[in-house]
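Colleague: Handing over target.cif, mmCIF, C-alpha atoms.
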data_protein
loop_
_atom_site.label_atom_id
_atom_site.label_comp_id
_atom_site.auth_asym_id
_atom_site.auth_seq_id
_atom_site.Cartn_x
_atom_site.Cartn_y
_atom_site.Cartn_z
CA MET A 247 0.00 0.00 0.00
CA SER A 248 1.34 3.42 -0.94
CA ARG A 249 2.42 5.69 1.87
CA LEU A 250 1.70 8.79 -0.23
CA PRO A 251 -1.86 9.37 1.02
CA PHE A 252 -0.62 9.24 4.62
CA ALA A 253 2.20 11.65 3.82
CA MET A 254 -0.24 14.01 2.11
CA LEU A 255 -2.62 13.73 5.04
CA GLY A 256 0.23 14.57 7.41
CA LEU A 257 1.28 17.55 5.34
CA VAL A 258 -2.26 18.90 5.13
CA SER A 259 -2.70 18.37 8.85
CA PHE A 260 0.55 20.24 9.55
CA CYS A 261 -0.48 23.15 7.32
CA VAL A 262 -3.92 23.41 8.89
CA THR A 263 -2.41 23.36 12.35
CA ALA A 264 0.22 25.94 11.46
CA PHE A 265 -2.42 28.20 9.90
CA ALA A 266 -4.65 27.80 12.93
CA LEU A 267 -1.79 28.69 15.27
CA ALA A 268 -0.82 31.70 13.20
CA ALA A 269 -4.39 32.97 13.05
CA ASP A 270 -5.25 32.09 16.63
CA PRO A 271 -6.35 35.33 18.27
CA ALA A 272 -5.68 33.75 21.66
CA ARG A 273 -1.96 34.00 20.83
CA GLN A 274 -2.14 37.75 20.44
CA PRO A 275 -1.10 39.98 23.33
CA VAL A 276 -4.05 41.58 25.09
CA SER A 277 -4.52 45.32 25.07
CA PRO A 278 -3.67 46.88 28.43
CA VAL A 279 -5.62 50.04 27.62
CA GLY A 280 -8.37 50.48 30.18
CA HIS A 281 -6.73 48.00 32.54
CA TRP A 282 -3.94 50.15 33.97
CA SER A 283 -4.87 49.24 37.55
CA GLU A 284 -3.59 45.72 36.77
CA TYR A 285 -0.16 47.12 35.92
CA GLU A 286 2.71 48.66 37.84
CA MET A 287 4.90 51.36 36.35
CA ILE A 288 8.49 50.41 36.98
CA LEU A 289 10.50 52.99 35.04
CA GLN A 290 10.29 55.98 32.76
CA THR A 291 12.56 56.63 29.80
CA ASP A 292 12.87 60.29 28.82
CA GLN A 293 13.62 61.50 25.31
CA PRO A 294 14.56 65.07 26.29
CA LEU A 295 15.95 65.97 22.86
CA ARG A 296 12.51 65.79 21.30
CA GLY A 297 10.16 66.06 24.28
CA THR A 298 8.61 62.63 24.49
CA LEU A 299 8.75 59.93 27.10
CA ARG A 300 7.98 56.28 27.63
CA GLN A 301 6.57 54.76 30.80
CA VAL A 302 7.26 51.04 31.18
CA TYR A 303 4.71 48.90 32.99
CA VAL A 304 4.59 45.23 33.97
CA ASP A 305 1.44 43.42 35.05
CA LYS A 306 1.43 43.33 38.84
CA THR A 307 1.12 39.54 39.22
CA SER A 308 4.15 38.84 37.04
CA TRP A 309 6.21 41.65 38.53
CA GLN A 310 5.63 40.32 42.06
CA ARG A 311 6.88 36.90 40.98
CA ALA A 312 9.73 38.35 38.98
CA ARG A 313 11.05 40.24 41.98
CA LEU A 314 11.16 36.98 43.93
CA THR A 315 12.69 34.82 41.20
CA ASN A 316 14.66 37.43 39.21
CA GLN A 317 13.03 36.28 35.98
CA LEU A 318 9.87 37.11 34.11
CA PRO A 319 7.31 34.29 34.44
CA TYR A 320 4.84 33.02 31.85
CA GLY A 321 2.00 35.50 31.63
CA SER A 322 4.35 38.49 31.79
CA LYS A 323 3.05 41.54 29.96
CA LEU A 324 5.63 44.30 29.43
CA VAL A 325 4.02 47.51 28.29
CA ALA A 326 5.60 50.68 26.90
CA ARG A 327 3.25 53.63 27.11
CA ASP A 328 4.44 56.61 25.04
CA PHE A 329 3.57 60.23 25.73
CA GLU A 330 4.34 63.70 24.49
CA ALA A 331 6.04 65.69 27.25
CA VAL A 332 4.50 68.81 28.79
CA PRO A 333 6.28 72.02 27.67
CA ASP A 334 7.60 74.40 30.32
CA GLY A 335 6.47 77.50 28.42
CA LYS A 336 10.08 78.68 28.04
CA GLY A 337 11.11 76.58 25.07
CA GLY A 338 11.95 73.52 27.12
CA TRP A 339 10.11 70.74 28.87
CA LYS A 340 8.50 70.75 32.28
CA LEU A 341 10.31 68.58 34.82
CA GLU A 342 9.13 66.93 38.02
CA ASN A 343 11.79 65.19 40.10
CA ASP A 344 14.16 65.63 37.13
CA HIS A 345 11.84 63.64 34.85
CA LEU A 346 9.73 64.81 31.93
CA VAL A 347 6.04 65.16 32.70
CA PRO A 348 3.65 63.02 30.62
CA GLY A 349 1.16 64.97 28.52
CA LYS A 350 -0.83 63.58 25.61
CA PRO A 351 -0.58 59.77 25.34
CA THR A 352 0.36 58.52 21.88
CA THR A 353 1.06 54.81 21.55
CA VAL A 354 1.02 51.62 23.59
CA LEU A 355 3.38 48.72 22.84
CA ILE A 356 3.16 45.35 24.51
CA GLN A 357 5.17 42.16 24.57
CA GLN A 358 3.61 39.16 26.27
CA LYS A 359 5.13 35.79 27.16
CA GLU A 360 2.98 32.66 27.32
CA LYS A 361 3.93 29.00 27.34
CA GLY A 362 4.13 27.69 23.79
CA TRP A 363 3.92 31.08 22.10
CA GLY A 364 6.38 31.98 19.37
CA ALA A 365 6.34 28.53 17.74
CA THR A 366 4.79 29.89 14.55
CA HIS A 367 7.92 31.91 13.77
CA ALA A 368 11.08 30.57 12.16
CA GLU A 369 13.83 29.80 14.64
CA ASP A 370 16.10 32.55 13.31
CA ILE A 371 13.33 35.12 13.83
CA ARG A 372 11.54 33.82 16.91
CA THR A 373 12.05 35.61 20.21
CA GLY A 374 11.45 32.81 22.66
CA GLU A 375 7.80 32.65 23.68
CA TRP A 376 7.13 36.38 23.34
CA GLU A 377 4.57 37.96 21.00
CA PHE A 378 4.16 41.66 20.28
CA ALA A 379 1.39 44.16 19.51
CA ILE A 380 0.93 47.90 19.21
CA PHE A 381 -2.17 49.91 20.06
CA THR A 382 -3.26 53.52 19.88
CA ALA A 383 -3.64 55.36 23.17
CA ALA A 384 -7.37 54.67 22.89
CA GLY A 385 -6.76 50.92 22.53
CA ALA A 386 -7.25 50.33 18.80
CA GLN A 387 -4.78 47.81 17.42
CA ILE A 388 -2.22 49.17 14.95
CA PRO A 389 -1.36 46.59 12.29
CA VAL A 390 2.31 45.63 12.42
CA ASP A 391 4.38 42.70 11.27
CA PRO A 392 6.16 41.61 14.46
CA GLU A 393 8.65 39.53 12.46
CA LYS A 394 9.87 42.70 10.75
CA ASP A 395 8.92 45.47 13.16
CA CYS A 396 9.66 43.95 16.57
CA MET A 397 11.56 40.68 16.62
CA PRO A 398 14.82 41.59 14.87
CA CYS A 399 15.79 44.07 17.59
CA HIS A 400 14.39 42.04 20.48
CA LYS A 401 16.36 39.01 19.27
CA GLU A 402 19.51 41.05 19.90
CA VAL A 403 18.75 40.95 23.61
CA ALA A 404 18.07 37.23 24.03
CA ALA A 405 20.39 37.32 27.06
CA THR A 406 17.91 39.55 28.90
CA ASP A 407 14.81 37.52 27.94
CA TYR A 408 14.25 39.45 24.72
CA ASN A 409 13.55 42.77 26.41
CA PHE A 410 15.80 45.80 26.59
CA GLN A 411 15.30 47.26 30.03
CA VAL A 412 12.90 45.37 32.30
CA SER A 413 15.06 42.30 33.00
CA ARG A 414 18.14 44.49 33.40
CA PHE A 415 16.23 46.81 35.74
CA LEU A 416 15.08 43.76 37.69
CA ARG A 417 18.69 42.80 38.34
CA GLN A 418 19.87 46.29 39.32
CA MET B 1209 49.64 90.39 50.12
CA PRO B 1210 46.07 91.31 49.17
CA LEU B 1211 46.78 89.83 45.72
CA ARG B 1212 47.95 86.56 47.25
CA ALA B 1213 44.85 86.42 49.41
CA ALA B 1214 42.66 87.06 46.40
CA LEU B 1215 44.39 84.32 44.41
CA PHE B 1216 44.02 81.92 47.32
CA CYS B 1217 40.30 82.67 47.56
CA LEU B 1218 39.98 82.17 43.81
CA MET B 1219 41.67 78.78 44.04
CA LEU B 1220 39.28 77.75 46.79
CA ALA B 1221 36.32 78.87 44.74
CA LEU B 1222 37.39 77.16 41.51
CA PRO B 1223 35.93 73.72 42.23
CA THR B 1224 32.53 75.21 43.02
CA VAL B 1225 32.39 77.24 39.83
CA ALA B 1226 33.71 74.43 37.61
CA LYS B 1227 31.56 74.31 34.52
CA ALA B 1228 29.67 71.24 33.44
CA MET B 1229 31.58 69.39 30.78
CA ASP B 1230 30.82 67.40 27.67
CA LYS B 1231 31.88 63.74 27.99
CA LEU B 1232 32.24 61.92 24.72
CA LEU B 1233 31.16 58.38 23.92
CA ALA B 1234 31.65 57.15 20.37
CA VAL B 1235 29.66 54.53 18.50
CA GLU B 1236 32.25 52.45 16.66
CA GLU B 1237 31.77 49.24 14.66
CA GLY B 1238 30.40 46.74 17.18
CA LYS B 1239 31.39 48.70 20.28
CA PHE B 1240 31.25 51.91 22.23
CA ALA B 1241 34.49 53.72 22.89
CA PRO B 1242 35.37 54.06 25.65
CA GLU B 1243 33.40 51.26 27.29
CA THR B 1244 33.56 52.93 30.71
CA LEU B 1245 33.19 56.64 31.31
CA GLN B 1246 33.22 58.81 34.44
CA MET B 1247 31.13 61.98 34.63
CA ASN B 1248 29.92 64.43 37.23
CA VAL B 1249 26.33 65.43 37.85
CA GLY B 1250 25.40 68.11 35.33
CA ASP B 1251 27.87 66.96 32.69
CA ARG B 1252 26.53 66.26 29.24
CA LEU B 1253 26.87 62.79 27.76
CA VAL B 1254 27.60 63.32 24.08
CA VAL B 1255 27.29 60.26 21.85
CA ILE B 1256 28.81 60.55 18.39
CA ASN B 1257 28.10 57.99 15.70
CA ASN B 1258 31.34 57.19 13.91
CA THR B 1259 29.77 54.47 11.76
CA GLN B 1260 27.72 54.49 8.57
CA LYS B 1261 24.92 52.67 10.40
CA LYS B 1262 21.96 54.18 12.25
CA PRO B 1263 22.09 53.01 15.87
CA PHE B 1264 19.44 53.35 18.54
CA VAL B 1265 21.33 54.45 21.64
CA TRP B 1266 19.73 54.33 25.08
CA GLY B 1267 20.75 54.54 28.73
CA LEU B 1268 19.32 52.80 31.77
CA GLY B 1269 20.04 53.89 35.33
CA HIS B 1270 18.32 53.08 38.58
CA ASN B 1271 16.74 56.53 38.90
CA TYR B 1272 16.83 57.86 35.37
CA SER B 1273 16.59 56.37 31.88
CA PHE B 1274 16.81 58.06 28.52
CA ASP B 1275 17.35 57.65 24.82
CA PHE B 1276 18.71 59.97 22.18
CA ARG B 1277 15.71 60.21 19.86
CA SER B 1278 15.71 63.80 18.64
CA THR B 1279 13.31 63.77 15.68
CA SER B 1280 10.03 62.05 14.86
CA GLU B 1281 12.05 59.05 13.71
CA ASP B 1282 11.45 56.14 16.08
CA ARG B 1283 13.69 53.53 14.48
CA TRP B 1284 17.08 55.08 15.21
CA THR B 1285 18.62 57.88 17.25
CA HIS B 1286 21.71 58.88 15.24
CA GLU B 1287 22.40 59.48 11.59
CA PRO B 1288 25.92 58.53 10.41
CA GLY B 1289 28.34 61.10 11.81
CA GLN B 1290 25.73 62.71 14.05
CA SER B 1291 26.53 63.85 17.57
CA LEU B 1292 23.83 64.26 20.26
CA GLY B 1293 24.11 65.11 23.96
CA ILE B 1294 21.97 64.74 27.07
CA VAL B 1295 22.73 66.33 30.45
CA LEU B 1296 22.70 63.77 33.26
CA ASP B 1297 21.55 65.25 36.56
CA GLN B 1298 21.02 61.99 38.41
CA PRO B 1299 24.08 60.32 39.96
CA GLY B 1300 24.57 56.60 39.56
CA GLU B 1301 25.63 53.96 37.11
CA TYR B 1302 24.09 53.85 33.65
CA PHE B 1303 24.05 50.95 31.20
CA ILE B 1304 24.36 52.29 27.67
CA GLY B 1305 23.08 50.06 24.86
CA ASN B 1306 22.38 49.99 21.14
CA SER B 1307 19.13 48.26 20.19
CA TYR B 1308 20.61 47.01 16.93
CA ASP B 1309 23.59 45.29 18.51
CA GLY B 1310 22.99 43.43 21.75
CA LYS B 1311 26.72 42.95 22.30
CA MET B 1312 27.46 46.68 22.38
CA HIS B 1313 27.42 48.29 25.78
CA ALA B 1314 29.17 50.87 27.87
CA THR B 1315 28.98 51.82 31.53
CA VAL B 1316 28.71 55.48 32.43
CA THR B 1317 29.18 56.46 36.07
CA VAL B 1318 27.84 59.83 37.16
CA GLU B 1319 29.42 61.04 40.39
CA PRO B 1320 27.39 63.25 42.76
#
Rewrite the coordinates I just gave you, this time as structure tokens.
Modeller:
Amino acid sequence: MSRLPFAMLGLVSFCVTAFALAADPARQPVSPVGHWSEYEMILQTDQPLRGTLRQVYVDKTSWQRARLTNQLPYGSKLVARDFEAVPDGKGGWKLENDHLVPGKPTTVLIQQKEKGWGATHAEDIRTGEWEFAIFTAAGAQIPVDPEKDCMPCHKEVAATDYNFQVSRFLRQ
Amino acid sequence: MPLRAALFCLMLALPTVAKAMDKLLAVEEGKFAPETLQMNVGDRLVVINNTQKKPFVWGLGHNYSFDFRSTSEDRWTHEPGQSLGIVLDQPGEYFIGNSYDGKMHATVTVEP
């Protein structure tokens, strides 16, 4: 008996599964907009040369565990919330405690780690089990291609769990 | 004698009127130079891009973090040859990184 039908069946099955995984909305990071009480702000990055700033949040449950274990657990949601800074009225930017003051919110970026995520990406692109999404300040999803727009840079920091600042801040 | 006294007073006053300085950190191929840098509070950290690439340079300290974005461009901070500076008013140790090269880093220490 020919093995071809079984091979074809296996291939079709693989493709269907791969497509289902890629299209599975459950593997998309959730929008944090409107749920800020579930998050803790851990640091702010100022961009004083252009008057913008980024506040970095982590969901409270994961951050509590991370501070005990020194690593980000499954379920971690790292959020970058971007703002325009408030002008000081003298050509500069208003400061409070030597930090820029957040004004109009602009964009929200999230990376979320869940067990088994990331498997739909090629190994040379994949960033562990992290997935990425970008939203407007109001919570509408902005279409991006994470494989081109997010993962290449985050892959550079595999040593700090594919994030630039949170894991390093955790160890400070 | 009055002149000597005046000079002595001037010498005593010099440290307190010392001006903030520019401290230079260069982006080279695959590294920052130097990789460690000492500054004082109020000095300006100037990062110059000596490559033909467009790096994204950022700094992370315990009390203050920053990056060098200066235009509406979000994908990089420096054009080739460009020099940008940020005054650091918070003492402490800063990790300086380039988002496009995870192996590049420098440590900047800002003394009180």
Colleague: Report as a ChimeraX atom specification the residues that result from applying the PyMOL selection byres ((chain A and resi 380-395) around 9) to the structure here.
Modeller: /A:277-280,327-328,351-357,367,371-372,377-379,396-399
Colleague: Counting all atoms listed in the file, what are the residues of chain A within 6 Å of chain B, and for each of them which pair of atoms is the nearest and at what distance in Å, to one decimal? Sort the table by chain and rising number, as CSV.
Modeller:
residue,atom,partner,partner_atom,distance
A:Thr291,CA,B:Ser1273,CA,4.5
A:Asp292,CA,B:Phe1274,CA,4.5
A:Gln293,CA,B:Asp1275,CA,5.4
A:Leu295,CA,B:Ser1278,CA,4.8
A:Arg296,CA,B:Ser1278,CA,4.6
A:Cys399,CA,B:Tyr1308,CA,5.7
A:Glu402,CA,B:Gly1310,CA,4.6
A:Val403,CA,B:Gly1310,CA,5.3
Colleague: So, with only C-alpha atoms as the atoms that count, which of B:Pro1242, B:Asp1230, B:Glu1287, B:Met1247 lies closest to Gln1260 in chain B?
Modeller: B:Glu1287
Colleague: Which distance in Å separates CA of Gln301 in chain A and CA of Ile288 in chain A, to one decimal?
Modeller: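 Going from CA of Gln301 in chain A over to CA of Ile288 in chain A covers 7.8 Å.
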Colleague: Find the residues near Thr1317 in chain B: any atom within 8 Å, counting only C-alpha atoms, skip ones fewer than 5 places away on the same chain, and give them as a PyMOL selection string.
Modeller: chain B and resi 1244-1247+1299-1302
Colleague: Let me make sure I understand: among A:Ser283, A:Trp339, A:Asp334, A:Tyr320, which one has the smallest atom-to-atom distance to Gly362 in chain A if we use all atoms listed in the file?
Modeller: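 For Gly362 in chain A, the nearest of the given residues is A:Tyr320.
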Colleague: In Å, rounded to a single decimal, give me how far CA of Pro1320 in chain B is from CA of Arg1252 in chain B.
Modeller: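 The value is 13.9 Å.
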Colleague: Enter the distance from CA of Val304 in chain A to CA of Val412 in chain A, in Å, rounded to one decimal.
Modeller: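 According to the coordinates, CA of Val304 in chain A and CA of Val412 in chain A are separated by 8.5 Å.
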Colleague: So, counting all atoms listed in the file, which residue among B:Met1229, B:Ala1314, B:Ala1241, B:Val1235 is closest to Thr1259 in chain B?
Modeller: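 Checking each of B:Met1229, B:Ala1314, B:Ala1241, B:Val1235 against Thr1259 in chain B, counting all atoms listed in the file, the winner is B:Val1235.
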Colleague: Would you please work out which residue, of B:Ile1304, B:Asp1251, B:Lys1261, B:Glu1243, is nearest to Arg414 in chain A when using only C-alpha atoms?
Modeller: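 Looking only at the distances to Arg414 in chain A, the closest residue turns out to be B:Ile1304.
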Colleague: Take the point (-2.3, 36.6, 21.2) in the file's coordinates, draw a sphere of radius 12 Å around it, and report as a ChimeraX atom specification every protein, DNA or RNA residue with an atom inside or on it, counting only C-alpha atoms.
Modeller: /A:267-277,321,323,356-364,366,375-380,392
Colleague: For the PyMOL selection byres ((chain B and resi 1236) around 9), applied here, can you spell out every residue it catches as a PyMOL selection string?
Modeller: chain B and resi 1234-1235+1237-1241+1256-1259
Colleague: Applied to the shown file, which residues does the PyMOL selection byres ((chain A and resi 346-348) around 9) return, written as a VMD selection string?
Modeller: chain A and resid 290 to 294 297 to 301 328 to 333 339 to 345 349 to 351
